[in-house]
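Undergrad: Quick one: the structure is below, questions incoming.
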Amino acid sequence: MDQATADRLADSAAEVLKANDRGDWTVPQPNLYPHQWLWDSCFIAIGLRHLDVERAQTELRSLLRGQWSNGMLPNMIFSDEAKHWRDRQLWRSWVSPYAPDGIATSGITQPPMLAEAVYRVGQKLKLPERRSWYKEMLPALISYHEWLYADRDPHQEGLIVLLHPYEAGLDNTPPWLSELRKHSLPLWLAALEKFKLGWLISIFRRDTQHTTLAERTGDIEAAADWVAMRRLRRKAYNSEAILSRSLFAVQDLVFNSIFIRANHQLKEIAKTAGHPIPESLDQKITKTATALEELYSESNGQYFSRSFVSHKLIEEPSIATLLPLYSGAISKNHAAHLVEILKRKQMFSPRWPIPSVPVDSPAFNPYKYWQGPTWVNMNWLIIDGLNRYGFGLEAKELEHSTLRMVAKSGMYEYFNPLNARPAGAADFSWTAALTIDLIKR
Ligand code: GLC
């Protein structure tokens, strides 16, 4: 891509971020996603740092408004506009004694990208300011990571367990869909499906008013997500109470890969700030980096998420298998093998990589949300991992195809990996922000 095209692309990305700016935080997209989302704001700050580093800092600070007193960072902080009362009422964070006063949030978390975002924003500051930025953010980061271990690693296995697909960030990815169907499909919902009455659910969906159903989670599965959420809410989002009864709990591969990287960045932040992290946390961090290998299937030569309860790997193909590259914790051999898989045309390298489900999987659907389309944040994470393992050429290629795809089709939420046709919402913030980062870093 020549410089003029890249400049034009970065300018139009900056316009998207400006239009989605709500003062101190940014909506992922104005119609479909009118609130603040955790990992979205992290990706947004990573892009914004090139335009206005102070605004990028504000984006991340504003996430801490929603932090619970036990350390949990919620995946959503709801807009306080009157018209959004229904969303606030749906999650009812106030049922938990840990939820903050005066602000409504969800009761679950999302991939822990915050340490990476804080670190990268800090890289744009001169050393004294960087130190004070890191000092400022460190306590919240430590308490978040400590909460993940205390609350979501009850057997001290080193791997974090998730209680809802939304926590994984890849809502309808096949491994989660298969667990959802096994453990979160009540009889009434199974009956609706059997008698082909799933369309009744559409009446209650808000997302499909803004995009077509063909590009979103299916009706039955969307209702199962809602059922799973109500179960958490009924237990006031108390993980211990939930885990003592539930079979629906997953040691998610994307989340844990990102967590390993976040732990690494957290330690870097602490070092620069001159405040070592607690010894007990440090020990847990070491354990997690090796525990990732438990998610490797020797017979398959790939990584998978695992059921927390049965301890069986959920061997449903998805882009998650490539995320250990981003973690930085796997051996060079395993990394080289993942790169080989990444390059297979019939799996992860169609014309516009990387599909969120390999093309040769029966579950692949080029338009359907996390069931096939290419997402810019996944590409960004994998580009980062490729570079870390010395696959600079592959990283560059992926960077180019990502930018060409966005230049061709616009700042969409996701893209058809076969022809780059846009799907989901237009003017999507993390697509814009990460486009800027790929161009300007
Ligand atoms: C969807 C995505 C999730 C994202 C949110 C806001 O729910 O699956 O990862 O954070 O939209 O963009």
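Ordered as shown in the structure tokens, chains take letters A, B, and onward, while each chain numbers its residues from 1 and ligands are numbered from 1 in the order shown.
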As number ranges by chain, which residues of region 15-89 of chain A does DSSP assign to helix (DSSP H, G or I)?

TA: A: 15-19, 38-48, 53-66, 82-89

Undergrad: Let me see the file: selected residues, N, CA and C atoms, as a short mmCIF file (atom, residue, chain, number, x, y, z; two decimals), in the first residue's frame.

TA:
data_model
loop_
_atom_site.label_atom_id
_atom_site.label_comp_id
_atom_site.auth_asym_id
_atom_site.auth_seq_id
_atom_site.Cartn_x
_atom_site.Cartn_y
_atom_site.Cartn_z
N GLU A 15 -11.65 9.57 11.62
CA GLU A 15 -13.02 10.15 11.61
C GLU A 15 -14.02 9.24 12.31
N VAL A 16 -13.88 7.94 12.09
CA VAL A 16 -14.77 7.00 12.77
C VAL A 16 -14.63 7.14 14.29
N LEU A 17 -13.38 7.19 14.75
CA LEU A 17 -13.16 7.28 16.20
C LEU A 17 -13.74 8.59 16.75
N LYS A 18 -13.62 9.65 15.95
CA LYS A 18 -14.16 10.93 16.40
C LYS A 18 -15.68 10.87 16.52
N ALA A 19 -16.30 10.27 15.52
CA ALA A 19 -17.76 10.19 15.53
C ALA A 19 -18.27 9.31 16.67
N LEU A 38 -15.23 -3.42 27.51
CA LEU A 38 -13.88 -3.50 28.08
C LEU A 38 -12.77 -3.68 27.04
N TRP A 39 -12.82 -4.77 26.27
CA TRP A 39 -11.66 -4.95 25.39
C TRP A 39 -11.72 -4.03 24.20
N ASP A 40 -12.94 -3.58 23.83
CA ASP A 40 -13.03 -2.58 22.75
C ASP A 40 -12.25 -1.33 23.13
N SER A 41 -12.48 -0.83 24.36
CA SER A 41 -11.80 0.41 24.76
C SER A 41 -10.28 0.21 24.80
N CYS A 42 -9.85 -1.00 25.12
CA CYS A 42 -8.40 -1.26 25.12
C CYS A 42 -7.84 -1.16 23.70
N PHE A 43 -8.52 -1.80 22.74
CA PHE A 43 -8.05 -1.70 21.35
C PHE A 43 -8.15 -0.25 20.85
N ILE A 44 -9.21 0.43 21.26
CA ILE A 44 -9.39 1.82 20.85
C ILE A 44 -8.23 2.69 21.35
N ALA A 45 -7.85 2.49 22.61
CA ALA A 45 -6.75 3.28 23.18
C ALA A 45 -5.43 2.99 22.45
N ILE A 46 -5.26 1.75 22.02
CA ILE A 46 -4.02 1.39 21.31
C ILE A 46 -3.92 2.17 19.99
N GLY A 47 -5.06 2.45 19.36
CA GLY A 47 -5.06 3.27 18.15
C GLY A 47 -4.99 4.76 18.47
N LEU A 48 -5.78 5.16 19.45
CA LEU A 48 -5.87 6.58 19.80
C LEU A 48 -4.53 7.17 20.24
N VAL A 53 -2.44 11.13 22.83
CA VAL A 53 -2.12 10.17 23.89
C VAL A 53 -2.93 10.45 25.16
N GLU A 54 -3.22 11.73 25.40
CA GLU A 54 -4.02 12.03 26.61
C GLU A 54 -5.42 11.47 26.51
N ARG A 55 -5.98 11.55 25.29
CA ARG A 55 -7.33 11.00 25.10
C ARG A 55 -7.30 9.47 25.24
N ALA A 56 -6.19 8.87 24.81
CA ALA A 56 -6.06 7.42 24.97
C ALA A 56 -6.01 7.06 26.46
N GLN A 57 -5.31 7.88 27.25
CA GLN A 57 -5.26 7.63 28.69
C GLN A 57 -6.65 7.75 29.31
N THR A 58 -7.38 8.78 28.86
CA THR A 58 -8.74 8.97 29.38
C THR A 58 -9.62 7.77 29.07
N GLU A 59 -9.46 7.23 27.86
CA GLU A 59 -10.26 6.05 27.47
C GLU A 59 -10.06 4.91 28.47
N LEU A 60 -8.81 4.69 28.86
CA LEU A 60 -8.51 3.58 29.77
C LEU A 60 -8.92 3.90 31.21
N ARG A 61 -8.67 5.16 31.62
CA ARG A 61 -9.11 5.56 32.96
C ARG A 61 -10.60 5.36 33.12
N SER A 62 -11.34 5.67 32.04
CA SER A 62 -12.80 5.62 32.16
C SER A 62 -13.29 4.19 32.38
N LEU A 63 -12.47 3.21 32.00
CA LEU A 63 -12.85 1.81 32.28
C LEU A 63 -12.89 1.52 33.77
N LEU A 64 -12.05 2.25 34.52
CA LEU A 64 -11.95 1.97 35.96
C LEU A 64 -13.19 2.45 36.72
N ARG A 65 -14.00 3.31 36.06
CA ARG A 65 -15.27 3.72 36.68
C ARG A 65 -16.10 2.49 37.03
N GLY A 66 -15.97 1.48 36.18
CA GLY A 66 -16.84 0.32 36.32
C GLY A 66 -16.27 -0.78 37.19
N ALA A 82 -31.34 7.86 29.49
CA ALA A 82 -32.63 7.28 29.92
C ALA A 82 -33.08 6.17 28.97
N LYS A 83 -32.88 6.36 27.67
CA LYS A 83 -33.41 5.39 26.72
C LYS A 83 -32.77 4.00 26.84
N HIS A 84 -31.66 3.90 27.56
CA HIS A 84 -31.00 2.59 27.66
C HIS A 84 -31.34 1.85 28.96
N TRP A 85 -32.42 2.21 29.62
CA TRP A 85 -32.77 1.58 30.90
C TRP A 85 -32.94 0.07 30.78
N ARG A 86 -33.40 -0.37 29.62
CA ARG A 86 -33.66 -1.79 29.44
C ARG A 86 -32.36 -2.63 29.56
N ASP A 87 -31.29 -2.11 28.98
CA ASP A 87 -30.01 -2.84 29.06
C ASP A 87 -29.50 -2.89 30.50
N ARG A 88 -29.63 -1.76 31.19
CA ARG A 88 -29.17 -1.72 32.60
C ARG A 88 -29.99 -2.69 33.45
N GLN A 89 -31.27 -2.71 33.17
CA GLN A 89 -32.21 -3.55 33.92
C GLN A 89 -31.97 -5.04 33.64
#

Undergrad: Near Asp437 (chain A), counting only C-alpha atoms, which residues have an atom at most 9 Å away, once you skip same-chain residues fewer than 3 positions from it, shown as a PyMOL selection string?

TA: chain A and resi 10+46-50+432-434+440-441

Undergrad: Can you tell me which residues surround region 123-130 of chain A at a distance of at most 10 Å, considering only C-alpha atoms, apart from same-chain residues fewer than 3 positions away, and format the answer as a list in words?

TA: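 My list of contacting residues is Arg49, His50, Asp52, Val53, Glu54, Ala117, Val118, Tyr119, Arg120, Trp133, Tyr134, Lys135, Glu136, Ile269, Thr272 and Ala273 of chain A.
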
Undergrad: Could you list, as JSON, numbers by chain, every residue within 12 Å of Ser297 (chain A), counting only C-alpha atoms and ignoring same-chain residues fewer than 4 positions away?

TA: {"A": [292, 293, 301, 302, 303, 304, 305, 306, 312, 313, 314, 315, 316, 321, 334]}

Undergrad: Store the residues picked out above, limited to C-alpha atoms, as a short mmCIF file (atom, residue, chain, number, x, y, z; two decimals), in the first residue's frame.

TA:
data_model
loop_
_atom_site.label_atom_id
_atom_site.label_comp_id
_atom_site.auth_asym_id
_atom_site.auth_seq_id
_atom_site.Cartn_x
_atom_site.Cartn_y
_atom_site.Cartn_z
CA LEU A 292 -1.35 -23.37 28.80
CA GLU A 293 0.29 -26.58 27.56
CA GLY A 301 -1.40 -30.91 17.10
CA GLN A 302 -3.53 -27.92 18.13
CA TYR A 303 -4.61 -25.96 21.20
CA PHE A 304 -8.25 -25.96 22.36
CA SER A 305 -10.41 -24.58 25.15
CA ARG A 306 -11.27 -27.05 27.91
CA LYS A 312 -12.00 -32.57 28.34
CA LEU A 313 -10.67 -30.44 25.52
CA ILE A 314 -13.43 -29.00 23.35
CA GLU A 315 -12.01 -30.02 20.00
CA GLU A 316 -14.06 -27.68 17.81
CA THR A 321 -5.90 -22.35 18.17
CA HIS A 334 4.69 -25.32 18.64
#

Undergrad: Hey, could you make a per-residue contact list for chain A against ligand 1 with 6 Å as the cut-off, showing the nearest pair of atoms and its distance in Å to one decimal, counting only C-alpha atoms and all ligand atoms, sorted by chain and number, as CSV?

TA:
residue,atom,partner,partner_atom_place_in_ligand_line,distance
A:Pro28,CA,ligand 1,12 (O),5.0
A:Tyr33,CA,ligand 1,6 (C),5.9
A:Trp37,CA,ligand 1,10 (O),5.7
A:Asp40,CA,ligand 1,10 (O),5.5
A:Gly169,CA,ligand 1,9 (O),3.7
A:Leu170,CA,ligand 1,8 (O),4.8
A:Asp171,CA,ligand 1,8 (O),4.8

Undergrad: Between A:Val95, A:Leu342, A:Leu114, A:Ala224, which has the minimum distance to Pro165 (chain A) (counting only C-alpha atoms)?

TA: A:Ala224

Undergrad: Determine, counting only C-alpha atoms, which protein, DNA and RNA residues have an atom within 9 Å of an atom of Leu185 (chain A); residues of the same chain fewer than 2 positions away are not included. Present the result as a list in words.

TA: Leu180, Arg181, Lys182, His183, Leu187, Trp188, Leu189, Ala190, Ile220, Glu221, Ala223, Ala224, Val227 and Ala228 of chain A

Undergrad: With N, CA, C and O atoms retained, could you export that selection as a tab-separated table (two decimals), in the first residue's frame?

TA:
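Just written: part.tsv:
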chain	number	residue	atom	x	y	z
A	180	LEU	N	-22.70	-24.48	25.01
A	180	LEU	CA	-23.98	-23.81	25.25
A	180	LEU	C	-25.13	-24.79	24.98
A	180	LEU	O	-26.08	-24.91	25.74
A	181	ARG	N	-25.00	-25.51	23.88
A	181	ARG	CA	-26.06	-26.46	23.51
A	181	ARG	C	-26.14	-27.61	24.50
A	181	ARG	O	-27.21	-28.11	24.80
A	182	LYS	N	-24.98	-28.01	25.04
A	182	LYS	CA	-24.99	-29.13	25.99
A	182	LYS	C	-25.55	-28.70	27.35
A	182	LYS	O	-26.24	-29.47	28.00
A	183	HIS	N	-25.22	-27.48	27.77
A	183	HIS	CA	-25.49	-27.15	29.17
A	183	HIS	C	-26.39	-25.94	29.39
A	183	HIS	O	-26.65	-25.58	30.54
A	187	LEU	N	-35.55	-26.95	28.29
A	187	LEU	CA	-36.52	-27.72	27.49
A	187	LEU	C	-37.37	-26.84	26.59
A	187	LEU	O	-37.61	-27.17	25.43
A	188	TRP	N	-37.84	-25.71	27.14
A	188	TRP	CA	-38.72	-24.85	26.34
A	188	TRP	C	-38.01	-24.35	25.08
A	188	TRP	O	-38.62	-24.23	24.02
A	189	LEU	N	-36.68	-24.15	25.22
A	189	LEU	CA	-35.93	-23.64	24.08
A	189	LEU	C	-35.69	-24.76	23.06
A	189	LEU	O	-35.81	-24.56	21.84
A	190	ALA	N	-35.39	-25.95	23.59
A	190	ALA	CA	-35.23	-27.10	22.71
A	190	ALA	C	-36.54	-27.36	21.94
A	190	ALA	O	-36.52	-27.70	20.75
A	220	ILE	N	-31.88	-19.33	18.47
A	220	ILE	CA	-31.89	-20.28	19.59
A	220	ILE	C	-30.68	-20.04	20.49
A	220	ILE	O	-30.79	-20.00	21.72
A	221	GLU	N	-29.55	-19.84	19.85
A	221	GLU	CA	-28.33	-19.63	20.64
A	221	GLU	C	-28.34	-18.29	21.38
A	221	GLU	O	-27.87	-18.20	22.51
A	223	ALA	N	-30.98	-16.88	22.54
A	223	ALA	CA	-31.85	-17.10	23.71
A	223	ALA	C	-31.11	-17.90	24.78
A	223	ALA	O	-31.26	-17.64	25.98
A	224	ALA	N	-30.30	-18.86	24.35
A	224	ALA	CA	-29.53	-19.65	25.32
A	224	ALA	C	-28.52	-18.76	26.06
A	224	ALA	O	-28.26	-18.95	27.25
A	227	VAL	N	-30.51	-17.06	28.71
A	227	VAL	CA	-30.79	-17.99	29.81
A	227	VAL	C	-29.55	-18.10	30.71
A	227	VAL	O	-29.65	-18.04	31.94
A	228	ALA	N	-28.37	-18.22	30.08
A	228	ALA	CA	-27.13	-18.34	30.85
A	228	ALA	C	-26.89	-17.08	31.68
A	228	ALA	O	-26.47	-17.15	32.84

Undergrad: Please report the interatomic distance between CA of Val254 (chain A) and CA of Trp94 (chain A) in Å with one decimal.

TA: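 A separation of 29.0 Å between them.
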
Undergrad: I need the strand (DSSP E or B) residues of region 197-323 of chain A per DSSP on the backbone, written as a list in words.

TA: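 Checking each residue of region 197-323 of chain A, the strand (DSSP E or B) ones are Val250, Gln251, Tyr296, Ser297, Gln302, Tyr303, Arg306, Ser307 and Leu313 of chain A.
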
Undergrad: Please produce an output containing N, CA and C atoms for each residue in the selection, written as a compact mmCIF listing (two decimals), in the first residue's frame.

TA:
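Contents of again.txt, freshly written:
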# COMPACT_ATOMS: atom_id res chain seq x y z
N VAL A 250 -15.90 -22.81 31.15
CA VAL A 250 -14.88 -23.16 30.16
C VAL A 250 -13.56 -22.45 30.46
N GLN A 251 -12.47 -23.21 30.40
CA GLN A 251 -11.14 -22.61 30.47
C GLN A 251 -10.80 -22.21 29.03
N TYR A 296 -3.13 -28.26 24.99
CA TYR A 296 -2.60 -28.76 23.72
C TYR A 296 -3.02 -30.20 23.53
N SER A 297 -3.55 -30.51 22.35
CA SER A 297 -3.93 -31.88 22.05
C SER A 297 -2.82 -32.50 21.21
N GLN A 302 -2.96 -29.26 17.99
CA GLN A 302 -3.53 -27.92 18.13
C GLN A 302 -3.94 -27.65 19.58
N TYR A 303 -4.11 -26.36 19.88
CA TYR A 303 -4.61 -25.96 21.20
C TYR A 303 -6.14 -25.83 21.14
N ARG A 306 -10.99 -25.83 27.17
CA ARG A 306 -11.27 -27.05 27.91
C ARG A 306 -12.47 -26.84 28.83
N SER A 307 -13.27 -27.87 28.96
CA SER A 307 -14.37 -27.79 29.92
C SER A 307 -13.78 -27.81 31.32
N LEU A 313 -10.86 -31.50 26.50
CA LEU A 313 -10.67 -30.44 25.52
C LEU A 313 -11.90 -30.38 24.63

Undergrad: Applying 9 Å and only C-alpha atoms, which residues near region 196-212 of chain A remain after dropping the ones on its own chain fewer than 3 positions away? List them as a PyMOL selection string.

TA: chain A and resi 31-33+189+191-193+215-216+218-220+222-223+423-425

Undergrad: Find, counting only C-alpha atoms, the residue in A:Ala241, A:Ala426, A:Leu163, A:Ala150 that gets nearest to Phe308 (chain A).

TA: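 For Phe308 (chain A), the nearest of the candidates is A:Leu163.
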
Undergrad: Please indicate the distance in Å from CA of Ala115 (chain A) to CA of Leu51 (chain A), rounded to one decimal place.

TA: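 We find that CA of Ala115 (chain A) and CA of Leu51 (chain A) lie 20.0 Å from each other.
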
Undergrad: Restricting the calculation to only C-alpha atoms, which member of A:Tyr237, A:Tyr326, A:Tyr166, A:Tyr149 is positioned closest to Asp384 (chain A)?

TA: A:Tyr326

Undergrad: Taking into account only C-alpha atoms, which residue in the set A:Met347, A:Ile142, A:Thr26, A:Leu438 is nearest to Ile277 (chain A)?

TA: A:Ile142

Undergrad: Compile the contact shell of Phe428 (chain A) as a list in words: residues with an atom at most 9 Å away, counting only C-alpha atoms, same-chain residues fewer than 6 positions apart removed.

TA: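 Surrounding residues, per the criterion: Val16, Leu17, Asn20, Val27, Pro28, Gln29, Pro30, Met411, Tyr412, Glu413 and Tyr414 of chain A.
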
Undergrad: Can you work out which one of A:Glu399, A:Glu298, A:Asp101, A:Asp427 has the shortest atom-to-atom distance to Ile439 (chain A), counting only C-alpha atoms?

TA: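 Of all the options, A:Glu399 lies closest to Ile439 (chain A).
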
Undergrad: Hey, can you check how far CA of Leu418 (chain A) sits from CA of Gln110 (chain A)?

TA: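 Rounded to one decimal, the two atoms are 28.7 Å apart.
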